[in-house]
Amino acid sequence: LAYALSKSIRAPRLAFDAIVAAKMAKVWPPLAQVRVGPILDAGERLLRVLRSGFPTRVDTASAENEKNKQSPSKSAKQFAKNARKMTDQYGLAYMAAKNVIGPVSIGAIYVALRYGVDLKSFVGVGGTAATA
């Protein structure tokens, strides 16, 4: 549940990730010099090649899943675009920041849930309507 709730605050967290990445890039300039974008692009190309090279078994369940697949929402595309911009701007500093802040936010939400904190209004700030 904490993981699912942490996904609802991705947009505000992107701003926090960028702030932390900027500070890290200032303190450790070599982190910002590592260009992560080309590495991510190469990984995506490799995955496409690997997926196309393996024969796939078609059954009715997977065919139905393919038919029902939804394309990413406009907000998801915008989030990905902004994350890529941060990666291009701050390099490895952004990746390090987001990979620390992500698990910490999940842990903080878990602890809050464990101690009975009502997170409905908090989740609403992240753009997700919470109903229970």
# chains A, B, ... in the order shown; residues from 1 in each chain; ligands from 1
call {"tool": "residues_around", "arguments": {"residues": "range 111-117 of chain A", "least_positions_apart": "3", "cutoff": "12 Å", "atoms": "only C-alpha atoms", "output": "list of chain:residue names"}}
result
A:Leu1, A:Ala2, A:Tyr3, A:Leu5, A:Ser6, A:Val104, A:Ser105, A:Ile106, A:Gly107, A:Ala108, A:Lys120, A:Ser121, A:Phe122, A:Val123
call {"tool": "write_last_selection", "arguments": {"atoms": "N, CA, C and O atoms", "output": "mmCIF file, in the first residue's frame"}}
result
data_model
loop_
_atom_site.group_PDB
_atom_site.id
_atom_site.type_symbol
_atom_site.label_atom_id
_atom_site.label_comp_id
_atom_site.auth_asym_id
_atom_site.auth_seq_id
_atom_site.Cartn_x
_atom_site.Cartn_y
_atom_site.Cartn_z
ATOM 1 N N LEU A 1 0.821 -1.185 0.000
ATOM 2 C CA LEU A 1 0.000 0.000 0.000
ATOM 3 C C LEU A 1 0.871 1.257 0.000
ATOM 4 O O LEU A 1 0.571 2.219 -0.697
ATOM 5 N N ALA A 2 1.950 1.247 0.772
ATOM 6 C CA ALA A 2 2.838 2.414 0.824
ATOM 7 C C ALA A 2 3.441 2.686 -0.547
ATOM 8 O O ALA A 2 3.563 3.842 -0.971
ATOM 9 N N TYR A 3 3.798 1.617 -1.260
ATOM 10 C CA TYR A 3 4.353 1.783 -2.615
ATOM 11 C C TYR A 3 3.321 2.412 -3.539
ATOM 12 O O TYR A 3 3.625 3.347 -4.282
ATOM 13 N N LEU A 5 0.741 4.271 -2.753
ATOM 14 C CA LEU A 5 0.536 5.663 -2.356
ATOM 15 C C LEU A 5 1.702 6.541 -2.789
ATOM 16 O O LEU A 5 1.506 7.698 -3.166
ATOM 17 N N SER A 6 2.907 6.006 -2.753
ATOM 18 C CA SER A 6 4.061 6.814 -3.155
ATOM 19 C C SER A 6 3.994 7.160 -4.642
ATOM 20 O O SER A 6 4.500 8.199 -5.056
ATOM 21 N N VAL A 104 12.950 6.267 0.270
ATOM 22 C CA VAL A 104 12.714 7.002 1.512
ATOM 23 C C VAL A 104 11.255 7.429 1.597
ATOM 24 O O VAL A 104 10.627 7.333 2.659
ATOM 25 N N SER A 105 10.676 7.877 0.474
ATOM 26 C CA SER A 105 9.264 8.294 0.502
ATOM 27 C C SER A 105 8.350 7.094 0.755
ATOM 28 O O SER A 105 7.372 7.210 1.500
ATOM 29 N N ILE A 106 8.685 5.949 0.188
ATOM 30 C CA ILE A 106 7.897 4.738 0.452
ATOM 31 C C ILE A 106 7.986 4.378 1.938
ATOM 32 O O ILE A 106 6.984 4.076 2.583
ATOM 33 N N GLY A 107 9.195 4.437 2.479
ATOM 34 C CA GLY A 107 9.381 4.132 3.894
ATOM 35 C C GLY A 107 8.639 5.102 4.794
ATOM 36 O O GLY A 107 8.016 4.706 5.789
ATOM 37 N N ALA A 108 8.665 6.381 4.455
ATOM 38 C CA ALA A 108 7.964 7.389 5.258
ATOM 39 C C ALA A 108 6.457 7.152 5.223
ATOM 40 O O ALA A 108 5.777 7.261 6.255
ATOM 41 N N LYS A 120 -5.299 10.676 3.572
ATOM 42 C CA LYS A 120 -6.219 11.067 2.493
ATOM 43 C C LYS A 120 -5.894 12.452 1.946
ATOM 44 O O LYS A 120 -5.798 12.631 0.741
ATOM 45 N N SER A 121 -5.738 13.419 2.819
ATOM 46 C CA SER A 121 -5.461 14.772 2.340
ATOM 47 C C SER A 121 -4.069 14.862 1.735
ATOM 48 O O SER A 121 -3.849 15.575 0.765
ATOM 49 N N PHE A 122 -3.126 14.124 2.279
ATOM 50 C CA PHE A 122 -1.767 14.119 1.746
ATOM 51 C C PHE A 122 -1.743 13.573 0.331
ATOM 52 O O PHE A 122 -1.118 14.132 -0.553
ATOM 53 N N VAL A 123 -2.436 12.484 0.094
ATOM 54 C CA VAL A 123 -2.480 11.874 -1.236
ATOM 55 C C VAL A 123 -3.192 12.808 -2.211
ATOM 56 O O VAL A 123 -2.811 12.925 -3.358
#
call {"tool": "closest_residue", "arguments": {"among": "A:Arg35, A:Arg51, A:Arg13, A:Lys7", "to": "Tyr90 in chain A", "atoms": "only C-alpha atoms"}}
result
A:Arg35
call {"tool": "residues_around", "arguments": {"residues": "Val20 in chain A", "least_positions_apart": "6", "cutoff": "12 Å", "atoms": "only C-alpha atoms", "output": "ChimeraX atom specification"}}
result
/A:13-14,26-28,86,90,92-101
call {"tool": "write_last_selection", "arguments": {"atoms": "C-alpha atoms", "output": "PDB file, in the first residue's frame"}}
result
ATOM      1  CA  ARG A  13       8.382  14.457  -5.881  1.00  0.00           C
ATOM      2  CA  LEU A  14       9.838  15.287  -9.314  1.00  0.00           C
ATOM      3  CA  LYS A  26      26.841  21.513  -7.183  1.00  0.00           C
ATOM      4  CA  VAL A  27      28.600  19.539  -4.455  1.00  0.00           C
ATOM      5  CA  TRP A  28      29.828  16.755  -6.756  1.00  0.00           C
ATOM      6  CA  MET A  86      16.093  16.314 -15.417  1.00  0.00           C
ATOM      7  CA  TYR A  90      21.717  16.798 -13.962  1.00  0.00           C
ATOM      8  CA  LEU A  92      23.881  10.872 -12.711  1.00  0.00           C
ATOM      9  CA  ALA A  93      23.096  13.323  -9.885  1.00  0.00           C
ATOM     10  CA  TYR A  94      19.388  13.139 -10.815  1.00  0.00           C
ATOM     11  CA  MET A  95      19.430   9.339 -10.974  1.00  0.00           C
ATOM     12  CA  ALA A  96      21.147   9.150  -7.575  1.00  0.00           C
ATOM     13  CA  ALA A  97      18.713  11.637  -6.041  1.00  0.00           C
ATOM     14  CA  LYS A  98      15.575   9.912  -7.300  1.00  0.00           C
ATOM     15  CA  ASN A  99      16.871   6.482  -6.346  1.00  0.00           C
ATOM     16  CA  VAL A 100      17.379   7.649  -2.770  1.00  0.00           C
ATOM     17  CA  ILE A 101      14.253   9.794  -2.429  1.00  0.00           C
TER      18      ILE A 101
END
call {"tool": "closest_residue", "arguments": {"among": "A:Val34, A:Leu119, A:Ala21, A:Leu47", "to": "Ser8 in chain A", "atoms": "only C-alpha atoms"}}
result
A:Leu119
call {"tool": "atom_distance", "arguments": {"atom1": "CA of Lys81 in chain A", "atom2": "CA of Ala32 in chain A"}}
result
18.5 Å
